[in-house]
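A.B. asks: my_file.pdb (PDB, C-alpha atoms, pLDDT in the B column) pasted underneath:
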ATOM      1  CA  MET A 449      20.122  68.288  10.114  1.00 46.00           C
ATOM      2  CA  GLU A 450      16.399  68.696  10.742  1.00 56.00           C
ATOM      3  CA  ASN A 451      14.928  65.653  12.432  1.00 85.00           C
ATOM      4  CA  GLN A 452      12.438  64.942  15.200  1.00 88.00           C
ATOM      5  CA  PHE A 453      15.017  65.514  17.937  1.00 86.00           C
ATOM      6  CA  TYR A 454      15.924  68.947  16.561  1.00 86.00           C
ATOM      7  CA  LYS A 455      12.221  69.798  16.299  1.00 90.00           C
ATOM      8  CA  ARG A 456      11.757  68.747  19.912  1.00 89.00           C
ATOM      9  CA  ILE A 457      14.657  70.999  20.955  1.00 89.00           C
ATOM     10  CA  ASP A 458      13.287  73.872  18.854  1.00 89.00           C
ATOM     11  CA  SER A 459       9.836  73.637  20.413  1.00 91.00           C
ATOM     12  CA  SER A 460      11.136  73.373  23.983  1.00 91.00           C
ATOM     13  CA  ASN A 461      10.921  76.220  26.456  1.00 91.00           C
ATOM     14  CA  ALA A 462      12.427  77.036  29.838  1.00 88.00           C
ATOM     15  CA  SER A 463       9.685  75.404  31.906  1.00 93.00           C
ATOM     16  CA  THR A 464      10.779  72.774  34.382  1.00 93.00           C
ATOM     17  CA  ASN A 465       8.442  70.188  32.880  1.00 94.00           C
ATOM     18  CA  CYS A 466       9.860  70.720  29.403  1.00 92.00           C
ATOM     19  CA  ARG A 467      13.480  70.572  30.569  1.00 90.00           C
ATOM     20  CA  ASN A 468      12.803  67.468  32.653  1.00 94.00           C
ATOM     21  CA  GLY A 469      11.059  65.799  29.733  1.00 93.00           C
ATOM     22  CA  LEU A 470      14.036  66.371  27.437  1.00 91.00           C
ATOM     23  CA  ARG A 471      16.421  65.227  30.171  1.00 92.00           C
ATOM     24  CA  ASP A 472      14.469  62.025  30.712  1.00 95.00           C
ATOM     25  CA  PHE A 473      14.257  61.395  26.976  1.00 93.00           C
ATOM     26  CA  VAL A 474      18.035  61.631  26.549  1.00 93.00           C
ATOM     27  CA  LEU A 475      18.739  59.560  29.663  1.00 94.00           C
ATOM     28  CA  HIS A 476      16.403  56.808  28.429  1.00 96.00           C
ATOM     29  CA  ASN A 477      17.752  57.078  24.870  1.00 94.00           C
ATOM     30  CA  PRO A 478      21.523  57.530  25.290  1.00 94.00           C
ATOM     31  CA  GLU A 479      22.040  57.296  21.524  1.00 93.00           C
ATOM     32  CA  TYR A 480      20.835  60.924  21.412  1.00 91.00           C
ATOM     33  CA  LEU A 481      23.532  62.156  23.809  1.00 91.00           C
ATOM     34  CA  SER A 482      26.111  62.669  21.065  1.00 90.00           C
ATOM     35  CA  GLU A 483      23.518  64.525  18.990  1.00 89.00           C
ATOM     36  CA  LEU A 484      22.686  66.720  21.988  1.00 89.00           C
ATOM     37  CA  CYS A 485      26.391  67.551  22.392  1.00 90.00           C
ATOM     38  CA  THR A 486      26.566  68.400  18.691  1.00 89.00           C
ATOM     39  CA  ILE A 487      23.589  70.734  19.083  1.00 87.00           C
ATOM     40  CA  ALA A 488      25.116  72.445  22.119  1.00 90.00           C
ATOM     41  CA  LEU A 489      28.496  72.996  20.448  1.00 92.00           C
ATOM     42  CA  ASN A 490      27.197  74.174  17.080  1.00 90.00           C
ATOM     43  CA  THR A 491      27.011  77.939  17.632  1.00 90.00           C
ATOM     44  CA  ASN A 492      25.694  78.396  14.091  1.00 92.00           C
ATOM     45  CA  TYR A 493      22.509  76.574  15.125  1.00 87.00           C
ATOM     46  CA  LYS A 494      19.977  79.118  16.373  1.00 88.00           C
ATOM     47  CA  ASN A 495      18.941  77.062  19.427  1.00 86.00           C
ATOM     48  CA  HIS A 496      22.334  75.652  20.372  1.00 88.00           C
ATOM     49  CA  TYR A 497      21.968  77.017  23.902  1.00 89.00           C
ATOM     50  CA  LYS A 498      19.013  74.661  24.460  1.00 83.00           C
ATOM     51  CA  GLY A 499      21.366  71.706  24.214  1.00 82.00           C
ATOM     52  CA  VAL A 500      23.281  72.738  27.301  1.00 80.00           C
TER
END
Let me see whether you can do it: turn the structure in this file into structure tokens.

C.D. replies:
Amino acid sequence: MENQFYKRIDSSNASTNCRNGLRDFVLHNPEYLSELCTIALNTNYKNHYKGV
């Protein structure tokens, strides 16, 4: 479960720059969209709310 994308989510914060960077990354790499949905829906994952 731990990979670079999860580490990027874990290290993110609520700043606009950080949120925009993650948004741009997922929009430019749509293969991560399903993983982002998995993160957001997995309530057992401590940072699931960051995937929303």

A.B. asks: Which residue out of A:Leu475, A:Cys485, A:Cys466, A:Ile457 has the minimum interatomic distance to Lys498 of chain A when all atoms listed in the file are used?

C.D. replies: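 Ranking A:Leu475, A:Cys485, A:Cys466, A:Ile457 by distance to Lys498 of chain A, first place goes to A:Ile457.
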
A.B. asks: For the PyMOL selection byres ((chain A and resi 497) around 12), applied here, can you spell out every residue it catches as a compact mmCIF listing (two decimals) with C-alpha atoms, in the frame of the given file?

C.D. replies:
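expr.txt written:
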# COMPACT_ATOMS: atom_id res chain seq x y z
CA ILE A 457 14.66 71.00 20.96
CA ASP A 458 13.29 73.87 18.85
CA SER A 460 11.14 73.37 23.98
CA ASN A 461 10.92 76.22 26.46
CA ALA A 462 12.43 77.04 29.84
CA LEU A 484 22.69 66.72 21.99
CA CYS A 485 26.39 67.55 22.39
CA THR A 486 26.57 68.40 18.69
CA ILE A 487 23.59 70.73 19.08
CA ALA A 488 25.12 72.44 22.12
CA LEU A 489 28.50 73.00 20.45
CA ASN A 490 27.20 74.17 17.08
CA THR A 491 27.01 77.94 17.63
CA ASN A 492 25.69 78.40 14.09
CA TYR A 493 22.51 76.57 15.12
CA LYS A 494 19.98 79.12 16.37
CA ASN A 495 18.94 77.06 19.43
CA HIS A 496 22.33 75.65 20.37
CA LYS A 498 19.01 74.66 24.46
CA GLY A 499 21.37 71.71 24.21
CA VAL A 500 23.28 72.74 27.30

A.B. asks: Considering only C-alpha atoms, return as a list of chain:residue names whatever protein or nucleic-acid residues lie within 10 Å of Phe453 of chain A, sequence-local ones (same chain, fewer than 2 positions apart) excluded.

C.D. replies: A:Met449, A:Glu450, A:Asn451, A:Lys455, A:Arg456, A:Ile457, A:Asp458, A:Ser459, A:Leu470, A:Phe473, A:Val474, A:Tyr480, A:Glu483, A:Leu484
